[in-house]
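Structure file start-v2.pdb with PDB, N, CA and C atoms, pLDDT in the B column:
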```
MODEL        1
ATOM      1  N   MET A   8      46.740 105.560 126.080  1.00 46.00           N
ATOM      2  CA  MET A   8      46.349 104.896 127.311  1.00 46.00           C
ATOM      3  C   MET A   8      45.043 105.493 127.800  1.00 46.00           C
ATOM      4  N   LYS A   9      44.136 104.642 128.245  1.00 52.00           N
ATOM      5  CA  LYS A   9      42.846 105.123 128.721  1.00 52.00           C
ATOM      6  C   LYS A   9      42.956 105.634 130.147  1.00 52.00           C
ATOM      7  N   THR A  10      42.181 106.653 130.426  1.00 51.00           N
ATOM      8  CA  THR A  10      42.153 107.164 131.787  1.00 51.00           C
ATOM      9  C   THR A  10      41.190 106.332 132.617  1.00 51.00           C
ATOM     10  N   ASP A  11      41.250 106.479 133.929  1.00 54.00           N
ATOM     11  CA  ASP A  11      40.349 105.746 134.815  1.00 54.00           C
ATOM     12  C   ASP A  11      38.893 106.091 134.539  1.00 54.00           C
ATOM     13  N   SER A  12      38.607 107.352 134.219  1.00 54.00           N
ATOM     14  CA  SER A  12      37.225 107.736 133.957  1.00 54.00           C
ATOM     15  C   SER A  12      36.692 107.044 132.706  1.00 54.00           C
ATOM     16  N   THR A  13      37.523 106.845 131.701  1.00 53.00           N
ATOM     17  CA  THR A  13      37.092 106.145 130.494  1.00 53.00           C
ATOM     18  C   THR A  13      36.795 104.689 130.818  1.00 53.00           C
ATOM     19  N   ARG A  14      37.650 104.049 131.593  1.00 55.00           N
ATOM     20  CA  ARG A  14      37.416 102.652 131.963  1.00 55.00           C
ATOM     21  C   ARG A  14      36.160 102.518 132.808  1.00 55.00           C
ATOM     22  N   ASN A  15      35.907 103.436 133.702  1.00 56.00           N
ATOM     23  CA  ASN A  15      34.711 103.378 134.541  1.00 56.00           C
ATOM     24  C   ASN A  15      33.445 103.504 133.716  1.00 56.00           C
ATOM     25  N   GLU A  16      33.481 104.287 132.645  1.00 61.00           N
ATOM     26  CA  GLU A  16      32.311 104.421 131.785  1.00 61.00           C
ATOM     27  C   GLU A  16      32.011 103.123 131.057  1.00 61.00           C
ATOM     28  N   GLU A  17      33.014 102.307 130.791  1.00 63.00           N
ATOM     29  CA  GLU A  17      32.826 101.047 130.088  1.00 63.00           C
ATOM     30  C   GLU A  17      32.349  99.937 131.010  1.00 63.00           C
ATOM     31  N   LEU A  18      32.551 100.052 132.295  1.00 78.00           N
ATOM     32  CA  LEU A  18      32.211  98.988 133.227  1.00 78.00           C
ATOM     33  C   LEU A  18      30.738  98.603 133.224  1.00 78.00           C
ATOM     34  N   PRO A  19      29.791  99.526 133.151  1.00 85.00           N
ATOM     35  CA  PRO A  19      28.394  99.096 133.164  1.00 85.00           C
ATOM     36  C   PRO A  19      28.055  98.143 132.017  1.00 85.00           C
ATOM     37  N   ILE A  20      28.659  98.340 130.849  1.00 87.00           N
ATOM     38  CA  ILE A  20      28.422  97.423 129.728  1.00 87.00           C
ATOM     39  C   ILE A  20      28.963  96.045 130.082  1.00 87.00           C
ATOM     40  N   TYR A  21      30.168  95.994 130.612  1.00 83.00           N
ATOM     41  CA  TYR A  21      30.781  94.726 130.997  1.00 83.00           C
ATOM     42  C   TYR A  21      29.955  94.048 132.093  1.00 83.00           C
ATOM     43  N   GLU A  22      29.520  94.826 133.068  1.00 89.00           N
ATOM     44  CA  GLU A  22      28.719  94.260 134.163  1.00 89.00           C
ATOM     45  C   GLU A  22      27.396  93.706 133.657  1.00 89.00           C
ATOM     46  N   SER A  23      26.770  94.381 132.706  1.00 89.00           N
ATOM     47  CA  SER A  23      25.508  93.866 132.175  1.00 89.00           C
ATOM     48  C   SER A  23      25.743  92.578 131.393  1.00 89.00           C
ATOM     49  N   LEU A  24      26.856  92.483 130.677  1.00 88.00           N
ATOM     50  CA  LEU A  24      27.177  91.244 129.973  1.00 88.00           C
ATOM     51  C   LEU A  24      27.428  90.102 130.950  1.00 88.00           C
ATOM     52  N   ILE A  25      28.079  90.411 132.060  1.00 89.00           N
ATOM     53  CA  ILE A  25      28.318  89.389 133.083  1.00 89.00           C
ATOM     54  C   ILE A  25      26.987  88.890 133.637  1.00 89.00           C
ATOM     55  N   ARG A  26      26.062  89.813 133.910  1.00 90.00           N
ATOM     56  CA  ARG A  26      24.749  89.406 134.419  1.00 90.00           C
ATOM     57  C   ARG A  26      24.011  88.538 133.411  1.00 90.00           C
ATOM     58  N   GLU A  27      24.122  88.864 132.141  1.00 90.00           N
ATOM     59  CA  GLU A  27      23.406  88.115 131.100  1.00 90.00           C
ATOM     60  C   GLU A  27      24.069  86.779 130.775  1.00 90.00           C
ATOM     61  N   ARG A  28      25.397  86.777 130.676  1.00 90.00           N
ATOM     62  CA  ARG A  28      26.117  85.611 130.151  1.00 90.00           C
ATOM     63  C   ARG A  28      27.002  84.900 131.156  1.00 90.00           C
ATOM     64  N   GLY A  29      27.234  85.504 132.311  1.00 92.00           N
ATOM     65  CA  GLY A  29      28.155  84.936 133.288  1.00 92.00           C
ATOM     66  C   GLY A  29      29.555  85.464 133.049  1.00 92.00           C
ATOM     67  N   ASP A  30      30.382  85.384 134.071  1.00 92.00           N
ATOM     68  CA  ASP A  30      31.746  85.900 133.987  1.00 92.00           C
ATOM     69  C   ASP A  30      32.686  84.768 133.586  1.00 92.00           C
ATOM     70  N   VAL A  31      32.782  84.546 132.288  1.00 91.00           N
ATOM     71  CA  VAL A  31      33.582  83.457 131.757  1.00 91.00           C
ATOM     72  C   VAL A  31      35.060  83.645 132.094  1.00 91.00           C
ATOM     73  N   VAL A  32      35.524  84.868 132.063  1.00 90.00           N
ATOM     74  CA  VAL A  32      36.931  85.138 132.377  1.00 90.00           C
ATOM     75  C   VAL A  32      37.234  84.739 133.819  1.00 90.00           C
ATOM     76  N   GLU A  33      36.361  85.090 134.737  1.00 93.00           N
ATOM     77  CA  GLU A  33      36.552  84.725 136.145  1.00 93.00           C
ATOM     78  C   GLU A  33      36.493  83.211 136.330  1.00 93.00           C
ATOM     79  N   GLU A  34      35.544  82.561 135.666  1.00 95.00           N
ATOM     80  CA  GLU A  34      35.426  81.108 135.772  1.00 95.00           C
ATOM     81  C   GLU A  34      36.688  80.420 135.250  1.00 95.00           C
ATOM     82  N   ALA A  35      37.217  80.905 134.141  1.00 96.00           N
ATOM     83  CA  ALA A  35      38.439  80.326 133.580  1.00 96.00           C
ATOM     84  C   ALA A  35      39.619  80.532 134.521  1.00 96.00           C
ATOM     85  N   ARG A  36      39.684  81.699 135.145  1.00 96.00           N
ATOM     86  CA  ARG A  36      40.765  81.981 136.086  1.00 96.00           C
ATOM     87  C   ARG A  36      40.713  81.025 137.274  1.00 96.00           C
ATOM     88  N   VAL A  37      39.518  80.793 137.808  1.00 97.00           N
ATOM     89  CA  VAL A  37      39.354  79.896 138.952  1.00 97.00           C
ATOM     90  C   VAL A  37      39.763  78.471 138.584  1.00 97.00           C
ATOM     91  N   VAL A  38      39.315  77.997 137.429  1.00 97.00           N
ATOM     92  CA  VAL A  38      39.669  76.643 136.991  1.00 97.00           C
ATOM     93  C   VAL A  38      41.169  76.530 136.771  1.00 97.00           C
ATOM     94  N   ALA A  39      41.782  77.551 136.191  1.00 98.00           N
ATOM     95  CA  ALA A  39      43.228  77.529 135.967  1.00 98.00           C
ATOM     96  C   ALA A  39      43.990  77.484 137.290  1.00 98.00           C
ATOM     97  N   GLU A  40      43.539  78.256 138.273  1.00 97.00           N
ATOM     98  CA  GLU A  40      44.200  78.238 139.581  1.00 97.00           C
ATOM     99  C   GLU A  40      44.044  76.886 140.264  1.00 97.00           C
ATOM    100  N   GLU A  41      42.853  76.290 140.177  1.00 97.00           N
ATOM    101  CA  GLU A  41      42.630  74.971 140.774  1.00 97.00           C
ATOM    102  C   GLU A  41      43.506  73.921 140.099  1.00 97.00           C
ATOM    103  N   THR A  42      43.588  73.985 138.780  1.00 97.00           N
ATOM    104  CA  THR A  42      44.411  73.033 138.035  1.00 97.00           C
ATOM    105  C   THR A  42      45.873  73.194 138.394  1.00 97.00           C
ATOM    106  N   GLN A  43      46.338  74.431 138.479  1.00 96.00           N
ATOM    107  CA  GLN A  43      47.730  74.673 138.849  1.00 96.00           C
ATOM    108  C   GLN A  43      48.018  74.122 140.243  1.00 96.00           C
ATOM    109  N   HIS A  44      47.099  74.312 141.178  1.00 95.00           N
ATOM    110  CA  HIS A  44      47.282  73.799 142.529  1.00 95.00           C
ATOM    111  C   HIS A  44      47.338  72.268 142.517  1.00 95.00           C
ATOM    112  N   GLN A  45      46.436  71.626 141.782  1.00 93.00           N
ATOM    113  CA  GLN A  45      46.407  70.166 141.715  1.00 93.00           C
ATOM    114  C   GLN A  45      47.689  69.615 141.101  1.00 93.00           C
ATOM    115  N   VAL A  46      48.181  70.259 140.048  1.00 94.00           N
ATOM    116  CA  VAL A  46      49.412  69.805 139.401  1.00 94.00           C
ATOM    117  C   VAL A  46      50.595  69.965 140.343  1.00 94.00           C
ATOM    118  N   THR A  47      50.647  71.087 141.037  1.00 94.00           N
ATOM    119  CA  THR A  47      51.735  71.313 141.992  1.00 94.00           C
ATOM    120  C   THR A  47      51.712  70.244 143.076  1.00 94.00           C
ATOM    121  N   GLN A  48      50.521  69.962 143.598  1.00 92.00           N
ATOM    122  CA  GLN A  48      50.400  68.936 144.629  1.00 92.00           C
ATOM    123  C   GLN A  48      50.818  67.572 144.094  1.00 92.00           C
ATOM    124  N   ALA A  49      50.398  67.240 142.892  1.00 92.00           N
ATOM    125  CA  ALA A  49      50.738  65.947 142.298  1.00 92.00           C
ATOM    126  C   ALA A  49      52.243  65.829 142.061  1.00 92.00           C
ATOM    127  N   LEU A  50      52.848  66.890 141.562  1.00 92.00           N
ATOM    128  CA  LEU A  50      54.282  66.848 141.304  1.00 92.00           C
ATOM    129  C   LEU A  50      55.090  66.767 142.595  1.00 92.00           C
ATOM    130  N   ASN A  51      54.544  67.297 143.673  1.00 91.00           N
ATOM    131  CA  ASN A  51      55.221  67.221 144.967  1.00 91.00           C
ATOM    132  C   ASN A  51      54.899  65.933 145.705  1.00 91.00           C
ATOM    133  N   GLY A  52      54.046  65.096 145.126  1.00 88.00           N
ATOM    134  CA  GLY A  52      53.703  63.823 145.728  1.00 88.00           C
ATOM    135  C   GLY A  52      52.733  63.922 146.882  1.00 88.00           C
ATOM    136  N   HIS A  53      51.982  65.020 146.998  1.00 80.00           N
ATOM    137  CA  HIS A  53      51.071  65.219 148.114  1.00 80.00           C
ATOM    138  C   HIS A  53      49.650  64.770 147.836  1.00 80.00           C
ATOM    139  N   ALA A  54      49.287  64.626 146.589  1.00 57.00           N
ATOM    140  CA  ALA A  54      47.917  64.254 146.276  1.00 57.00           C
ATOM    141  C   ALA A  54      47.909  63.424 144.994  1.00 57.00           C
ATOM    142  N   PRO A  55      47.065  62.420 144.962  1.00 60.00           N
ATOM    143  CA  PRO A  55      46.973  61.633 143.727  1.00 60.00           C
ATOM    144  C   PRO A  55      46.303  62.446 142.628  1.00 60.00           C
ATOM    145  N   VAL A  56      46.703  62.191 141.403  1.00 53.00           N
ATOM    146  CA  VAL A  56      46.076  62.842 140.261  1.00 53.00           C
ATOM    147  C   VAL A  56      44.831  62.057 139.916  1.00 53.00           C
ATOM    148  N   ARG A  57      43.689  62.733 139.949  1.00 62.00           N
ATOM    149  CA  ARG A  57      42.416  62.086 139.625  1.00 62.00           C
ATOM    150  C   ARG A  57      42.241  62.105 138.119  1.00 62.00           C
ATOM    151  N   GLN A  58      42.021  60.923 137.528  1.00 61.00           N
ATOM    152  CA  GLN A  58      41.818  60.851 136.103  1.00 61.00           C
ATOM    153  C   GLN A  58      40.330  60.793 135.808  1.00 61.00           C
ATOM    154  N   GLU A  59      39.933  61.436 134.711  1.00 67.00           N
ATOM    155  CA  GLU A  59      38.544  61.424 134.291  1.00 67.00           C
ATOM    156  C   GLU A  59      38.195  60.018 133.793  1.00 67.00           C
ATOM    157  N   ALA A  60      36.973  59.589 134.072  1.00 63.00           N
ATOM    158  CA  ALA A  60      36.521  58.287 133.596  1.00 63.00           C
ATOM    159  C   ALA A  60      36.345  58.332 132.088  1.00 63.00           C
ATOM    160  N   ASP A  61      36.764  57.274 131.425  1.00 59.00           N
ATOM    161  CA  ASP A  61      36.602  57.180 129.967  1.00 59.00           C
ATOM    162  C   ASP A  61      35.170  56.777 129.681  1.00 59.00           C
ATOM    163  N   PRO A  62      34.415  57.575 128.932  1.00 61.00           N
ATOM    164  CA  PRO A  62      33.001  57.270 128.673  1.00 61.00           C
ATOM    165  C   PRO A  62      32.813  55.985 127.870  1.00 61.00           C
ATOM    166  N   GLU A  63      33.870  55.475 127.210  1.00 63.00           N
ATOM    167  CA  GLU A  63      33.746  54.263 126.425  1.00 63.00           C
ATOM    168  C   GLU A  63      33.902  53.005 127.265  1.00 63.00           C
ATOM    169  N   GLN A  64      34.261  53.129 128.515  1.00 53.00           N
ATOM    170  CA  GLN A  64      34.466  51.946 129.356  1.00 53.00           C
ATOM    171  C   GLN A  64      33.176  51.463 129.942  1.00 53.00           C
TER     172      GLN A  64
ENDMDL
END
```

Starting from the file, lay out its structure as structure tokens.
Amino acid sequence: MKTDSTRNEELPIYESLIRERGDVVEEARVVAEETQHQVTQALNGHAPVRQEADPEQ
């Protein structure tokens, strides 16, 4: 198991990658939470499910 000091030493590398490439993990988490909320609302009958437009139409 890594100690806190070892993890802290690795953070600058991760932070520089986030600055260069964006925080994909955070973006995925946000989209997953939004999707879960929308599905919950739809299943409870509180909000209509918005369907994506078919590009072939």

Record the distance separating atom N of Val46 of chain A and atom CA of Glu33 of chain A, expressed in Å with one decimal.
19.0 Å

One-decimal distance in Å that lies between atom N of Pro19 of chain A and atom N of Val32 of chain A
15.8 Å

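Taking atom CA of Ile25 of chain A as the reference point, atom CA of Gln43 of chain A is found at 25.0 Å.
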
Hey, what does DSSP flag as helix (DSSP H, G or I) within segment 24-58 of chain A? Can you give it to me as a ChimeraX atom specification?
/A:24-28,31-50
